Each structure stands twice: as C-alpha cells, then as structure tokens.
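Quick notes on the structure that follows.
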Amino acid sequence: LPWTRAAIKGWTSMVPVKSHAPLPPHFAALIAARLVMAGRLDAAAAVLLASHCLLRVSEVSNLRRQDLVLPEQDGDPRFLSSHGAVYLASTKTGKHQSVLIESAGVATVMRLYLSRCSFRGSDRLFPFSALQLNGFLRRGALGMGLPQSIWTWHSLRHGGAVALYMEGRPLDNIMVRGRWQAHNSVRTYLQAGRSILLASSFDAAKTALG
C-alpha cells in the first residue's frame, strides 16, 4: 500500500487532474430552458435548484419531496426574506443542513414542477441517478449550442459559488451556503473559477440571452 500511494502521487504530479469549468447561472438558465422545451421540466428544475443552492450531484439525487420547503405565502417568518429552503439530511460535510432559496424565480419553477409532475408513489424529488443528471446537463448544453464537454454537474455548484463571489458576497456567507469548511481552499477554489470565467470567450449573444 505505501508503494501504491507513492505511485498514485507520482502519476498525479505527471498528469494533473483537469478541473471542469464553472457553469455560470445564466448559462444554467439557458440549459434549463432547453430542457423544458424538450419536455423535461423535472431535469430543468434540478439544474436550476442545483445552480442556485450550490448542490452536489449526490445531494440532488437524494432529495425527497419533503426536503423542499416552500412557504404558502410570502413573508413567512420561518424563512426571513427568502422564498423557501432545501433541507439536506446528510451531506459531505455533515448532517442536518439547509440552503435558503433566495430567488423568487427558482421558487416559482419549483412550485410549477411540484404541481405538474407525477411522482408515481415515490418520495424522491428528482428520480434520477448522478449519471442521468449529468446526461441531462450535457443534453441541454448541446441543445443550446453550448460546449458540453467542459462541464459536469459539479460545474453548476462551482459556477453558482463563483457568481456570488464576483457579486461581492462575503466569503463566510458563501461557505455557509455551499457547506464548505476550510477558508483557504474555498478562496483558492473561487479565485480559480473567476479566472477561468474571465479568460473564457463565450458567445456574446448566448451570454445576453442567458
């Protein structure tokens, strides 16, 4: 085992892991729109919720219907100024966590999804595996003429966090929202994502449409 560990470390140094680019929220919205056009409101809702709430693919695939909490009326004191919340029973960094839904648009889409989709006796919010979710993401990107090979589901989480960082959101706030623990690693992670976005040349028309 020690020799195996050394071999893996050496290989990683020679062939570094290629990080996938962050997917900006406005491109996530384009992908979601394309999925709706293809009749996949369920996949579109999953894309929007993951991008907005910085959800890992495992968190999305494990959500239950009761984990999505939407107030019946605006101003519900349990949610302060937000439009709802997502309860996460178990995450990579701990149990019993949550993320506020800060966008009225995302909350509206989720209400529409709950009202129109048939769950067929299942309590899962999105009946998809991680592999299926990544497939929907690539399909939506291809349908909008976006580069599908540079993004994975994690790109939604990365892109959402970088967008908040570029808006000037405090680092501690982003860490709580994304359920990260180490300041130094998150700061490097966000700065790298910002650099990738600034160095990328995306089609101006699609950026404006997004």
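Within each chain, counting starts at residue 1; across the structure tokens, chains are named A, B, ... in the order shown, with ligands numbered 1 upward in that order.
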- Task: Report the residues of range 44-109 of chain A whose backbone DSSP state falls under helix (DSSP H, G or I), written as a list in words.
- Result: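 Restricting range 44-109 of chain A to helix (DSSP H, G or I) produces Ala44, Ala45, Ala46, Val47, Leu48, Leu49, Ala50, Ser51, His52, Cys53, Val57, Ser58, Glu59, Val60, Ser61, Asn62, Arg65, Gln66, Asp67, Pro77, Arg78, Phe79, Ala104, Gly105, Val106, Ala107, Thr108 and Val109 of chain A.
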What are the nearest atom pairs, with distances in Å to one decimal, for all residues of range 143-196 of chain A that come at most 10 Å from range 35-47 of chain A, using only C-alpha atoms, set out by chain and rising residue number as a Markdown table?
```
| residue | atom | partner | partner_atom | distance |
| --- | --- | --- | --- | --- |
| A:Gly143 | CA | A:Leu35 | CA | 8.3 |
| A:Met144 | CA | A:Leu35 | CA | 9.5 |
| A:Trp153 | CA | A:Val47 | CA | 8.4 |
| A:Leu156 | CA | A:Val47 | CA | 7.6 |
| A:Arg157 | CA | A:Val47 | CA | 10.0 |
```
- Query: Between A:Arg139, A:Arg169, A:Lys9, A:Arg64, which one has atoms that come closest to Ile31 in chain A, using only C-alpha atoms?
  - Reply: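 Closest residue, counting only C-alpha atoms: A:Arg139.
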- Item | DSSP strand (DSSP E) residues within range 69-186 of chain A, as a list in words |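 Taking range 69-186 of chain A and keeping strand (DSSP E) gives Val69, Ala85, Val86, Tyr87, Leu88, Ala89, Ser90, Thr91, Gly94, Lys95, His96, Gln97, Ser98, Val99 and Leu100 of chain A.
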Convert the current residue selection to file output with N, CA and C atoms, as a JSON list (two decimals), in the first residue's frame.
```json
[["chain", "number", "residue", "atom", "x", "y", "z"],
["A", 69, "VAL", "N", -38.96, 22.90, 0.96],
["A", 69, "VAL", "CA", -39.96, 23.59, 1.77],
["A", 69, "VAL", "C", -40.22, 24.96, 1.17],
["A", 85, "ALA", "N", -36.69, 26.93, 1.31],
["A", 85, "ALA", "CA", -35.43, 26.32, 1.72],
["A", 85, "ALA", "C", -35.37, 24.88, 1.26],
["A", 86, "VAL", "N", -34.14, 24.38, 1.19],
["A", 86, "VAL", "CA", -33.89, 22.97, 0.88],
["A", 86, "VAL", "C", -33.23, 22.35, 2.10],
["A", 87, "TYR", "N", -33.83, 21.31, 2.63],
["A", 87, "TYR", "CA", -33.27, 20.61, 3.78],
["A", 87, "TYR", "C", -32.38, 19.47, 3.29],
["A", 88, "LEU", "N", -31.17, 19.37, 3.82],
["A", 88, "LEU", "CA", -30.21, 18.34, 3.43],
["A", 88, "LEU", "C", -29.93, 17.45, 4.63],
["A", 89, "ALA", "N", -30.49, 16.26, 4.61],
["A", 89, "ALA", "CA", -30.36, 15.36, 5.75],
["A", 89, "ALA", "C", -28.92, 14.93, 5.97],
["A", 90, "SER", "N", -28.20, 14.67, 4.89],
["A", 90, "SER", "CA", -26.82, 14.23, 5.02],
["A", 90, "SER", "C", -26.00, 14.79, 3.85],
["A", 91, "THR", "N", -24.87, 15.42, 4.16],
["A", 91, "THR", "CA", -24.01, 15.98, 3.13],
["A", 91, "THR", "C", -22.57, 15.52, 3.37],
["A", 94, "GLY", "N", -21.44, 17.03, 6.72],
["A", 94, "GLY", "CA", -22.23, 16.92, 7.94],
["A", 94, "GLY", "C", -23.70, 16.64, 7.68],
["A", 95, "LYS", "N", -24.43, 16.45, 8.75],
["A", 95, "LYS", "CA", -25.85, 16.14, 8.66],
["A", 95, "LYS", "C", -26.70, 17.34, 9.09],
["A", 96, "HIS", "N", -27.97, 17.29, 8.70],
["A", 96, "HIS", "CA", -28.97, 18.28, 9.09],
["A", 96, "HIS", "C", -28.54, 19.71, 8.72],
["A", 97, "GLN", "N", -28.37, 19.95, 7.43],
["A", 97, "GLN", "CA", -28.03, 21.27, 6.94],
["A", 97, "GLN", "C", -29.14, 21.76, 6.01],
["A", 98, "SER", "N", -29.06, 23.02, 5.62],
["A", 98, "SER", "CA", -30.10, 23.58, 4.75],
["A", 98, "SER", "C", -29.54, 24.73, 3.93],
["A", 99, "VAL", "N", -30.26, 25.05, 2.86],
["A", 99, "VAL", "CA", -29.90, 26.17, 1.99],
["A", 99, "VAL", "C", -31.16, 26.96, 1.69],
["A", 100, "LEU", "N", -31.10, 28.28, 1.86],
["A", 100, "LEU", "CA", -32.25, 29.12, 1.57],
["A", 100, "LEU", "C", -32.40, 29.35, 0.07]]
```
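Nearest residue to Asn62 in chain A, choosing from A:Ser103, A:Thr4, A:Ser129, A:Asn184 and counting only C-alpha atoms: A:Ser129.
Coordinates place CA of Leu55 in chain A at a distance of 19.3 Å from CA of Thr188 in chain A.
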- Taking only C-alpha atoms into account, which of A:Cys53, A:Ile8, A:Leu146, A:Val186 comes nearest Arg34 in chain A? A:Leu146
- Message: Report, in Å with one decimal, the straight-line distance from CA of Ser82 in chain A to CA of Trp151 in chain A.
- Response: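 If I compute the distance from CA of Ser82 in chain A to CA of Trp151 in chain A, I get 28.9 Å.
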- Item | Polymer residues at most 7 Å from Ala28 in chain A, only C-alpha atoms, same-chain spacing of 3 or more positions, as a PyMOL selection string | chain A and resi 23-25+31-32+47-48+51
- Message: What's around Ala130 in chain A at 8 Å? Count only C-alpha atoms, leave out sequence neighbours fewer than 6 positions away in its own chain, and write the answer as a list in words.
- Response: Val57, Ser58 and Ser61 of chain A
Generate a file of the selected residues that holds all heavy atoms, formatted as a PDB file, in the first residue's frame.
```pdb
ATOM      1  N   VAL A  57     -24.119  16.752  -6.777  1.00  0.00           N
ATOM      2  CA  VAL A  57     -24.979  15.836  -7.527  1.00  0.00           C
ATOM      3  C   VAL A  57     -25.581  14.781  -6.595  1.00  0.00           C
ATOM      4  O   VAL A  57     -26.745  14.383  -6.758  1.00  0.00           O
ATOM      5  CB  VAL A  57     -24.191  15.182  -8.692  1.00  0.00           C
ATOM      6  CG1 VAL A  57     -23.091  14.262  -8.169  1.00  0.00           C
ATOM      7  CG2 VAL A  57     -25.127  14.441  -9.624  1.00  0.00           C
ATOM      8  N   SER A  58     -24.822  14.339  -5.592  1.00  0.00           N
ATOM      9  CA  SER A  58     -25.351  13.355  -4.642  1.00  0.00           C
ATOM     10  C   SER A  58     -26.478  13.956  -3.800  1.00  0.00           C
ATOM     11  O   SER A  58     -27.441  13.261  -3.451  1.00  0.00           O
ATOM     12  CB  SER A  58     -24.232  12.846  -3.729  1.00  0.00           C
ATOM     13  OG  SER A  58     -23.635  13.915  -3.018  1.00  0.00           O
ATOM     14  N   SER A  61     -29.667  14.062  -6.070  1.00  0.00           N
ATOM     15  CA  SER A  61     -30.266  12.746  -6.317  1.00  0.00           C
ATOM     16  C   SER A  61     -30.883  12.139  -5.058  1.00  0.00           C
ATOM     17  O   SER A  61     -31.732  11.244  -5.159  1.00  0.00           O
ATOM     18  CB  SER A  61     -29.216  11.792  -6.901  1.00  0.00           C
ATOM     19  OG  SER A  61     -28.131  11.619  -6.013  1.00  0.00           O
TER      20      SER A  61
END
```
- Given the choices A:Gln191, A:Ser155, A:Thr108, A:Gln132, which gets closest to Pro22 in chain A if the distance is worked out from only C-alpha atoms? A:Ser155
